[in-house]
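Note: the block below is target-v7.txt and it holds compact mmCIF, C-alpha atoms.
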```
# COMPACT_ATOMS: atom_id res chain seq x y z
CA MET N 30 73.72 -13.63 -37.61
CA ALA N 31 72.91 -11.66 -34.45
CA LYS N 32 75.63 -11.51 -31.81
CA ARG N 33 75.13 -13.46 -28.60
CA ASP N 34 74.93 -11.60 -25.32
CA TYR N 35 78.44 -11.15 -23.90
CA TYR N 36 77.39 -12.40 -20.46
CA GLU N 37 75.84 -15.48 -22.08
CA VAL N 38 79.05 -16.08 -24.05
CA LEU N 39 81.10 -16.12 -20.84
CA GLY N 40 78.45 -17.96 -18.85
CA ILE N 41 78.21 -15.38 -16.05
CA SER N 42 75.47 -13.21 -14.59
CA ARG N 43 75.29 -9.46 -15.12
CA GLY N 44 76.16 -8.94 -11.46
CA ALA N 45 79.40 -10.97 -11.68
CA ASP N 46 82.44 -9.27 -10.17
CA GLU N 47 85.85 -8.80 -11.80
CA GLN N 48 87.25 -12.05 -10.37
CA ASP N 49 84.27 -14.10 -11.63
CA LEU N 50 84.66 -12.47 -15.04
CA LYS N 51 88.35 -13.28 -15.25
CA SER N 52 87.88 -16.85 -13.98
CA ALA N 53 85.17 -17.52 -16.58
CA TYR N 54 87.34 -16.15 -19.37
CA ARG N 55 90.39 -18.08 -18.18
CA ARG N 56 88.48 -21.35 -18.22
CA LEU N 57 86.85 -20.86 -21.63
CA ALA N 58 89.90 -19.35 -23.33
CA LYS N 59 92.04 -22.31 -22.32
CA GLU N 60 89.35 -24.73 -23.54
CA PHE N 61 89.00 -23.16 -27.01
CA HIS N 62 92.53 -21.75 -27.50
CA PRO N 63 93.78 -22.41 -31.08
CA ASP N 64 96.97 -23.99 -29.80
CA ARG N 65 94.87 -26.69 -28.17
CA ASN N 66 92.39 -27.06 -31.02
CA ALA N 67 94.56 -27.01 -34.13
CA GLY N 68 92.46 -26.90 -37.32
CA ASP N 69 89.14 -26.65 -35.44
CA LYS N 70 87.32 -23.71 -37.06
CA ASP N 71 84.43 -23.86 -34.59
CA ALA N 72 86.84 -23.62 -31.63
CA GLU N 73 88.61 -20.69 -33.33
CA ARG N 74 85.27 -18.89 -33.79
CA LYS N 75 84.30 -19.47 -30.17
CA PHE N 76 87.70 -18.29 -28.96
CA LYS N 77 87.31 -15.02 -30.86
CA GLU N 78 83.78 -14.63 -29.50
CA ILE N 79 84.97 -15.25 -25.93
CA SER N 80 87.87 -12.83 -26.33
CA GLU N 81 85.62 -10.12 -27.74
CA ALA N 82 83.20 -10.50 -24.83
CA TYR N 83 85.96 -10.36 -22.25
CA GLU N 84 87.65 -7.34 -23.89
CA ALA N 85 84.39 -5.44 -23.67
CA LEU N 86 83.39 -6.42 -20.14
CA LYS N 87 86.77 -6.18 -18.41
CA ASP N 88 86.84 -2.40 -18.92
CA PRO N 89 84.43 -0.74 -16.42
CA GLN N 90 83.48 2.05 -18.84
CA LYS N 91 82.86 -0.29 -21.77
CA ARG N 92 80.91 -2.65 -19.50
CA ALA N 93 78.69 0.19 -18.28
CA ALA N 94 78.01 1.21 -21.87
CA TYR N 95 77.24 -2.37 -22.86
CA ASP N 96 74.90 -2.83 -19.89
CA GLN N 97 72.96 0.27 -21.05
CA PHE N 98 73.01 -0.06 -24.84
CA GLY N 99 73.98 -3.68 -25.53
CA HIS N 100 75.97 -4.35 -28.71
CA ALA N 101 74.86 -0.99 -30.10
CA ALA N 102 77.29 0.61 -27.63
CA PHE N 103 80.16 -0.44 -29.89
CA GLU N 104 78.54 0.40 -33.22
CA GLY N 105 78.74 3.80 -34.85
CA GLY N 106 80.78 5.44 -32.07
CA ARG N 107 78.10 5.50 -29.32
CA GLY N 108 80.02 3.68 -26.67
CA GLY N 109 83.45 3.42 -28.23
CA GLN N 110 85.05 1.07 -30.72
CA GLY N 111 83.98 -2.39 -31.75
CA GLY N 112 85.14 -5.54 -30.07
CA PHE N 113 88.15 -5.75 -32.44
CA GLY N 114 89.04 -2.07 -32.67
CA PRO N 115 92.55 -0.63 -33.13
CA ASP N 116 93.45 -1.11 -29.46
CA PHE N 117 92.34 -4.74 -29.38
CA ALA N 118 95.79 -6.22 -30.09
CA SER N 119 97.26 -4.24 -27.22
CA SER N 120 94.62 -5.32 -24.70
CA MET N 121 94.77 -8.94 -25.87
CA SER N 122 98.52 -8.91 -25.27
CA ASP N 123 97.88 -8.32 -21.58
CA ILE N 124 95.27 -11.08 -21.49
CA PHE N 125 97.47 -13.66 -23.25
CA ASP N 126 100.45 -12.72 -21.12
CA ASP N 127 98.46 -13.50 -18.00
CA LEU N 128 96.73 -16.67 -19.20
CA PHE N 129 99.14 -18.33 -21.61
CA GLY N 130 102.55 -17.41 -20.27
CA GLU N 131 103.62 -21.03 -20.50
CA PHE N 132 103.24 -20.87 -24.29
CA MET N 133 105.31 -17.68 -24.52
CA GLY N 134 108.27 -18.67 -22.36
CA GLY N 135 106.98 -17.78 -18.90
CA ARG N 136 104.28 -15.69 -17.25
CA ARG N 137 104.33 -11.94 -17.37
CA GLY N 138 107.55 -10.74 -15.86
CA GLY N 139 108.94 -14.30 -15.85
CA GLY N 140 112.41 -12.89 -16.46
CA GLN N 141 111.76 -9.70 -14.52
CA ALA N 142 109.89 -10.77 -11.39
CA GLY N 143 109.41 -7.94 -8.97
CA ARG N 144 110.81 -5.41 -11.46
CA THR N 145 109.42 -1.89 -11.76
CA ARG N 146 109.28 0.44 -14.76
CA THR N 147 112.29 2.40 -13.51
CA GLY N 148 114.68 -0.54 -13.55
CA GLN N 149 114.34 -1.25 -9.85
CA GLU N 150 114.03 -4.89 -8.80
CA ARG N 151 112.91 -6.28 -5.46
CA GLY N 152 115.60 -8.09 -3.51
CA ALA N 153 115.38 -11.82 -2.91
CA ASP N 154 113.99 -13.29 0.31
CA LEU N 155 116.52 -15.05 2.53
CA ARG N 156 116.27 -18.11 4.76
CA TYR N 157 118.21 -18.62 7.99
CA ASN N 158 118.11 -21.89 9.96
CA LEU N 159 118.37 -21.37 13.72
CA GLU N 160 118.63 -24.18 16.27
CA ILE N 161 117.54 -23.54 19.86
CA THR N 162 117.23 -25.66 22.98
CA LEU N 163 113.97 -26.85 24.49
CA ALA N 164 114.65 -24.64 27.51
CA GLU N 165 114.98 -21.62 25.20
CA ALA N 166 111.72 -22.55 23.50
CA PHE N 167 110.17 -22.78 26.97
CA SER N 168 111.27 -19.36 28.20
CA GLY N 169 111.82 -17.48 24.91
CA LYS N 170 114.98 -15.55 24.08
CA THR N 171 116.55 -12.84 21.98
CA ALA N 172 119.07 -14.39 19.60
CA GLN N 173 121.86 -12.58 17.77
CA ILE N 174 122.44 -13.91 14.26
CA ARG N 175 124.93 -12.98 11.55
CA VAL N 176 123.46 -12.94 8.06
CA PRO N 177 125.54 -12.54 4.88
CA ALA N 178 123.42 -10.59 2.39
CA SER N 179 123.42 -7.87 -0.24
CA VAL N 180 122.86 -4.37 1.10
CA SER N 181 122.31 -1.08 -0.67
CA CYS N 182 125.51 0.51 -1.98
CA GLU N 183 126.28 3.63 0.03
CA ASN N 184 128.54 5.09 -2.66
CA CYS N 185 125.70 5.51 -5.17
CA ASP N 186 122.72 5.36 -2.75
CA GLY N 187 121.61 2.16 -4.47
CA SER N 188 121.11 3.72 -7.91
CA GLY N 189 123.93 1.77 -9.57
CA ALA N 190 125.13 4.90 -11.36
CA LYS N 191 128.38 6.73 -10.66
CA PRO N 192 127.85 9.56 -8.15
CA GLY N 193 126.87 12.70 -10.05
CA THR N 194 125.32 10.74 -12.91
CA LYS N 195 122.06 8.85 -13.36
CA ALA N 196 120.57 6.15 -15.51
CA LYS N 197 119.10 6.99 -18.91
CA THR N 198 115.79 5.86 -20.30
CA CYS N 199 116.23 2.92 -22.65
CA ALA N 200 115.86 4.10 -26.26
CA THR N 201 114.67 0.69 -27.46
CA CYS N 202 111.62 0.30 -25.20
CA GLY N 203 111.12 3.93 -24.17
CA GLY N 204 111.47 3.04 -20.50
CA ILE N 205 108.67 0.45 -20.48
CA GLY N 206 111.06 -2.49 -20.12
CA LYS N 207 109.31 -4.60 -22.74
CA VAL N 208 108.86 -4.76 -26.48
CA ARG N 209 106.01 -6.17 -28.55
CA ALA N 210 106.08 -8.22 -31.72
CA SER N 211 103.01 -9.17 -33.81
CA GLN N 212 102.65 -12.77 -34.92
CA GLY N 213 99.42 -13.14 -36.86
CA PHE N 214 96.48 -12.90 -34.50
CA PHE N 215 98.73 -12.51 -31.44
CA THR N 216 100.84 -9.68 -30.11
CA ILE N 217 103.66 -11.11 -28.00
CA GLU N 218 105.31 -9.06 -25.29
CA ARG N 219 108.88 -9.81 -24.24
CA PRO N 220 111.50 -8.19 -21.97
CA CYS N 221 113.50 -5.54 -23.78
CA PRO N 222 116.78 -7.11 -25.02
CA THR N 223 118.69 -3.84 -24.61
CA CYS N 224 117.94 -3.08 -20.96
CA GLN N 225 116.91 -6.64 -19.92
CA GLY N 226 113.50 -5.35 -18.89
CA ARG N 227 114.74 -2.60 -16.56
CA GLY N 228 113.56 0.30 -18.71
CA GLU N 229 116.83 2.19 -18.34
CA ASN N 230 120.55 1.84 -18.98
CA ILE N 231 123.57 3.01 -16.99
CA ASP N 232 126.34 4.42 -19.17
CA ASP N 233 128.64 5.25 -16.23
CA PRO N 234 128.22 2.57 -13.51
CA CYS N 235 129.25 2.96 -9.87
CA SER N 236 132.81 1.75 -9.30
CA VAL N 237 131.91 0.13 -5.95
CA CYS N 238 128.88 -1.97 -6.92
CA SER N 239 129.55 -2.19 -10.70
CA GLY N 240 126.12 -0.81 -11.48
CA SER N 241 124.03 -3.26 -9.42
CA GLY N 242 123.26 -0.76 -6.66
CA ARG N 243 124.19 -3.23 -3.90
CA ILE N 244 127.19 -4.90 -2.28
CA SER N 245 127.72 -8.04 -0.17
CA LYS N 246 128.01 -7.51 3.57
CA GLU N 247 127.48 -9.51 6.76
CA ARG N 248 124.94 -8.05 9.17
CA THR N 249 124.17 -8.80 12.83
CA LEU N 250 120.45 -8.95 13.63
CA SER N 251 118.46 -9.50 16.82
CA VAL N 252 115.67 -12.06 16.60
CA ASN N 253 112.97 -12.18 19.26
CA ILE N 254 111.94 -15.81 19.85
CA PRO N 255 108.68 -15.94 21.81
CA ALA N 256 108.04 -18.56 24.50
CA GLY N 257 106.23 -21.65 23.27
CA VAL N 258 107.63 -21.85 19.73
CA GLU N 259 107.57 -25.31 18.17
CA ASP N 260 109.95 -27.12 15.88
CA GLY N 261 109.54 -25.72 12.35
CA THR N 262 108.21 -22.33 13.46
CA ARG N 263 108.91 -19.61 10.88
CA ILE N 264 109.67 -16.01 11.89
CA ARG N 265 109.52 -13.28 9.22
CA LEU N 266 111.71 -10.20 9.44
CA ALA N 267 110.29 -7.78 6.88
CA GLY N 268 112.85 -5.84 4.88
CA GLU N 269 115.86 -7.78 6.18
CA GLY N 270 116.50 -9.83 3.04
CA GLU N 271 118.57 -8.98 -0.02
CA ALA N 272 118.69 -5.32 -1.06
CA GLY N 273 116.86 -4.58 -4.31
CA MET N 274 118.63 -3.91 -7.58
CA ARG N 275 119.22 -0.20 -8.27
CA GLY N 276 117.29 1.05 -5.28
CA GLY N 277 114.48 -1.50 -5.50
CA PRO N 278 112.60 -2.66 -2.37
CA THR N 279 114.37 -5.04 0.00
CA GLY N 280 113.30 -8.67 0.36
CA ASP N 281 112.39 -10.38 3.64
CA LEU N 282 114.34 -12.68 5.95
CA TYR N 283 112.69 -15.89 7.17
CA ILE N 284 114.03 -17.57 10.32
CA PHE N 285 113.24 -21.30 10.46
CA LEU N 286 113.53 -22.69 13.98
CA SER N 287 114.53 -26.23 14.93
CA ILE N 288 114.56 -27.46 18.53
CA ARG N 289 117.46 -29.59 19.69
CA PRO N 290 116.45 -32.91 21.32
CA HIS N 291 116.54 -32.74 25.14
CA GLU N 292 118.39 -35.18 27.33
CA PHE N 293 115.44 -35.81 29.65
CA PHE N 294 112.25 -34.40 28.11
CA GLN N 295 110.19 -35.30 25.07
CA ARG N 296 107.68 -32.77 23.81
CA ASP N 297 104.19 -33.37 22.44
CA GLY N 298 102.60 -30.02 21.66
CA SER N 299 102.36 -28.15 24.94
CA ASP N 300 102.88 -31.27 27.07
CA VAL N 301 106.25 -32.73 28.03
CA PHE N 302 107.14 -36.24 29.13
CA CYS N 303 109.98 -37.44 31.31
CA LYS N 304 110.88 -41.08 31.98
CA VAL N 305 112.33 -41.54 35.47
CA PRO N 306 113.93 -44.79 36.72
CA ILE N 307 113.11 -45.70 40.34
CA ALA N 308 114.46 -48.41 42.62
CA MET N 309 112.51 -51.62 43.08
CA THR N 310 112.25 -50.93 46.80
CA THR N 311 110.75 -47.46 46.18
CA ALA N 312 108.22 -48.97 43.80
CA ALA N 313 107.33 -51.73 46.28
CA LEU N 314 107.35 -49.75 49.52
CA GLY N 315 106.44 -46.29 48.18
CA GLY N 316 108.40 -43.09 48.69
CA GLN N 317 109.22 -39.75 47.12
CA ILE N 318 111.39 -38.77 44.15
CA ASP N 319 112.68 -35.38 43.00
CA VAL N 320 112.26 -34.84 39.24
CA PRO N 321 113.60 -32.00 37.03
CA THR N 322 111.38 -29.38 35.37
CA LEU N 323 111.82 -27.12 32.34
CA GLU N 324 112.07 -24.17 34.72
CA GLY N 325 115.46 -25.50 35.84
CA THR N 326 114.24 -26.55 39.27
CA THR N 327 113.07 -29.86 40.74
CA THR N 328 109.70 -30.87 42.06
CA ARG N 329 108.82 -33.70 44.45
CA VAL N 330 106.57 -36.54 43.31
CA LYS N 331 105.00 -39.02 45.74
CA VAL N 332 105.23 -42.64 44.61
CA PRO N 333 102.59 -44.92 46.20
CA ASP N 334 103.52 -48.45 47.28
CA GLY N 335 103.05 -51.12 44.64
CA THR N 336 103.85 -48.77 41.73
CA GLU N 337 104.58 -50.57 38.46
CA SER N 338 106.70 -49.62 35.44
CA GLY N 339 104.84 -47.35 33.03
CA LYS N 340 102.82 -45.60 35.72
CA GLN N 341 102.43 -41.89 34.86
CA PHE N 342 102.11 -38.96 37.24
CA ARG N 343 100.71 -35.67 35.92
CA LEU N 344 102.18 -32.37 37.05
CA LYS N 345 99.65 -29.75 36.00
CA GLY N 346 100.99 -26.53 34.49
CA LYS N 347 104.61 -27.77 34.34
CA GLY N 348 104.68 -28.22 30.57
CA MET N 349 105.33 -25.82 27.68
CA PRO N 350 103.59 -22.47 27.31
CA VAL N 351 101.23 -22.21 24.33
CA LEU N 352 102.52 -19.65 21.81
CA ARG N 353 100.97 -16.20 22.30
CA SER N 354 98.67 -17.51 25.02
CA LYS N 355 98.48 -17.69 28.79
CA VAL N 356 97.76 -21.41 28.61
CA THR N 357 100.47 -23.85 29.78
CA GLY N 358 100.65 -27.56 29.15
CA ASP N 359 101.32 -30.35 31.64
CA MET N 360 104.28 -32.51 32.50
CA TYR N 361 103.99 -36.29 32.73
CA ILE N 362 106.42 -38.37 34.77
CA GLU N 363 106.59 -42.02 33.72
CA VAL N 364 108.36 -44.31 36.16
CA ASP N 365 110.51 -47.22 35.09
CA VAL N 366 111.11 -49.74 37.88
CA GLU N 367 114.75 -50.80 37.85
CA THR N 368 115.73 -54.40 38.53
CA PRO N 369 118.62 -54.65 41.04
CA LYS N 370 122.02 -55.65 39.62
CA ASN N 371 125.44 -56.52 41.09
CA LEU N 372 123.92 -57.78 44.37
CA THR N 373 126.05 -58.39 47.42
CA ARG N 374 125.83 -61.72 49.21
CA ARG N 375 123.67 -60.21 51.93
CA GLN N 376 121.32 -58.60 49.41
CA ARG N 377 120.93 -61.88 47.59
CA GLU N 378 120.19 -63.69 50.87
CA LEU N 379 117.53 -61.12 51.74
CA LEU N 380 115.88 -61.45 48.33
CA GLU N 381 115.92 -65.22 48.59
CA GLU N 382 114.24 -64.96 52.00
CA PHE N 383 111.71 -62.56 50.47
CA GLU N 384 111.02 -65.00 47.64
CA LYS N 385 110.41 -67.87 50.10
CA ALA N 386 108.04 -65.70 52.06
CA SER N 387 106.17 -64.50 48.96
CA HIS N 388 102.72 -65.76 47.97
CA LYS N 389 100.24 -65.22 45.14
CA GLU N 390 99.07 -61.89 46.55
CA THR N 391 102.63 -60.54 46.51
CA SER N 392 102.89 -60.80 42.70
CA PRO N 393 99.28 -61.36 41.56
CA GLU N 394 99.84 -60.73 37.85
CA SER N 395 102.73 -63.15 37.36
CA ALA N 396 101.08 -65.77 39.55
CA GLY N 397 97.83 -65.45 37.63
CA PHE N 398 99.59 -65.61 34.27
CA PHE N 399 101.46 -68.82 34.99
CA THR N 400 98.35 -70.40 36.47
CA ARG N 401 96.48 -69.68 33.23
CA VAL N 402 99.37 -71.08 31.18
CA LYS N 403 99.34 -74.28 33.23
CA ASP N 404 95.57 -74.65 32.88
CA PHE N 405 95.83 -74.04 29.12
CA PHE N 406 98.36 -76.77 28.47
CA GLU N 407 96.69 -79.23 30.85
CA GLY N 408 93.42 -78.65 29.01
CA LYS N 409 95.04 -79.42 25.66
CA SER N 410 96.47 -82.71 26.91
CA THR N 411 93.05 -84.08 27.96
```

Since I need it in another form, could you write the structure as structure tokens?
Amino acid sequence: MAKRDYYEVLGISRGADEQDLKSAYRRLAKEFHPDRNAGDKDAERKFKEISEAYEALKDPQKRAAYDQFGHAAFEGGRGGQGGFGPDFASSMSDIFDDLFGEFMGGRRGGGQAGRTRTGQERGADLRYNLEITLAEAFSGKTAQIRVPASVSCENCDGSGAKPGTKAKTCATCGGIGKVRASQGFFTIERPCPTCQGRGENIDDPCSVCSGSGRISKERTLSVNIPAGVEDGTRIRLAGEGEAGMRGGPTGDLYIFLSIRPHEFFQRDGSDVFCKVPIAMTTAALGGQIDVPTLEGTTTRVKVPDGTESGKQFRLKGKGMPVLRSKVTGDMYIEVDVETPKNLTRRQRELLEEFEKASHKETSPESAGFFTRVKDFFEGKST
């Protein structure tokens, strides 16, 4: 039976890029993988067909030959070996490692994440929680923080080996850091058990770091906090995390900011709100009040006569700066009219006189409300 076109097998066009090719193979290989279709001969045949097509097209040189000569490119030595040539098991190992890591005990490098062929391993990223005040978020600041972390061992320059010596290539894996074992159709790749995937062994470790190439030490770092940061902002300090194993690259440090609640202000994005109590007489007669600002100063707000609780006054440009922008938010003053307490005899007499002299126009809302209540109940009784 004639072979199907490889592009047709994978369901892609001839102009498909590498990512489209890999995505198509990933989807089909998972659908027809023998582990998911136990005993299904048709699925097994399709899986082999899909794998053969991918093995041919993923290599740029093989793909170019196939595009020019078709299947004949892999017959009789014209374009190379057939779809299941001697190097097929090796290439399929890389494919299975990438796609079916969960079946093999973890994705490629699952036990050696960030590890290089020379035994170096990238250091871990660190997190530091930093609390600042709203005023500091308003103006920005430079904070000094102390971070306990692993740093490169100075005694061995991070190599992990005793000064004057160096690590030796692992005899088991030949420095690759992994070994392969054939299991039927599959070739499974695992970290080398001798060197734990590092590719090398240290016979004479450094006495200071015990062969790890790093030691624990507390460092003091300066962190620039820009004006306008919000609660939850993350700042990345590249290369300030844990030192890598045996000279490997250093991880990063992430600063997570939290803003302490303010005594007077509540923040909503770039705007801030402040609730200010005012005397009943100021609300009734009008006047002026001095309110605080985030700049640490006060500003004067005019209160018109007849002001009620909940009335807001907008102070343009007195809010928070927008991060990395020249835009500034606004500040909103909300007044809360305070009812007098602990009245003196004279104050009570004056208020009683005021009440006797009051009329519907003095308190129109309350007068109107009780009039409507009276009309409502009188209407129900008729």

| field | Contacts of range 220-224 of chain N within 7 Å, only C-alpha atoms, excl. fewer than 6 positions in-chain, as a PyMOL selection string | value | chain N and resi 199+201-202+206-208+230

| message | Between CA of Thr310 in chain N and CA of Asp334 in chain N, what distance in Å does the model show, to one decimal? | response |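 So the two atoms, CA of Thr310 in chain N and CA of Asp334 in chain N, lie 9.1 Å apart.
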
| query | What is the CA of Ile318 in chain N to CA of Pro369 in chain N distance in Å? | reply | 17.7 Å

| Could you pull the residues within 7 Å of range 340-354 of chain N, counting only C-alpha atoms, minus those fewer than 6 positions along the same chain, as a ChimeraX atom specification? | /N:167,256-258,299-301,360-364

Write the selection just made, keeping C-alpha atoms, as a PDB file, in the coordinates of the input?
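Listing of again.pdb after writing:
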```pdb
ATOM      1  CA  PHE N 167     110.170 -22.780  26.970  1.00  0.00           C
ATOM      2  CA  ALA N 256     108.040 -18.560  24.500  1.00  0.00           C
ATOM      3  CA  GLY N 257     106.230 -21.650  23.270  1.00  0.00           C
ATOM      4  CA  VAL N 258     107.630 -21.850  19.730  1.00  0.00           C
ATOM      5  CA  SER N 299     102.360 -28.150  24.940  1.00  0.00           C
ATOM      6  CA  ASP N 300     102.880 -31.270  27.070  1.00  0.00           C
ATOM      7  CA  VAL N 301     106.250 -32.730  28.030  1.00  0.00           C
ATOM      8  CA  MET N 360     104.280 -32.510  32.500  1.00  0.00           C
ATOM      9  CA  TYR N 361     103.990 -36.290  32.730  1.00  0.00           C
ATOM     10  CA  ILE N 362     106.420 -38.370  34.770  1.00  0.00           C
ATOM     11  CA  GLU N 363     106.590 -42.020  33.720  1.00  0.00           C
ATOM     12  CA  VAL N 364     108.360 -44.310  36.160  1.00  0.00           C
TER      13      VAL N 364
END
```

| query | Which of these, N:Glu337, N:Thr171, N:Lys87, N:Lys195, has the shortest distance to Asp49 in chain N once you count only C-alpha atoms? | reply |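 That would be N:Lys87, the residue with the smallest distance to Asp49 in chain N.
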
| Selection: 7 Å around Cys185 in chain N, only C-alpha atoms, excl. self and same-chain fewer than 6 positions, as number ranges by chain | N: 191-192, 235, 242

| task | Identify which of the residues N:Ser392, N:Ser179, N:Ser251, N:Ser236 lies closest to Leu155 in chain N, counting only C-alpha atoms when measuring atom-to-atom distances. | result |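 Result for the nearest residue to Leu155 in chain N: N:Ser179.
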
| query | With all atoms listed in the file as the basis for distance, which of N:Arg243, N:Ala166, N:Ile284, N:Ala267 is at the shortest distance from Glu183 in chain N? | reply |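 Under the stated criterion, the closest residue is N:Arg243.
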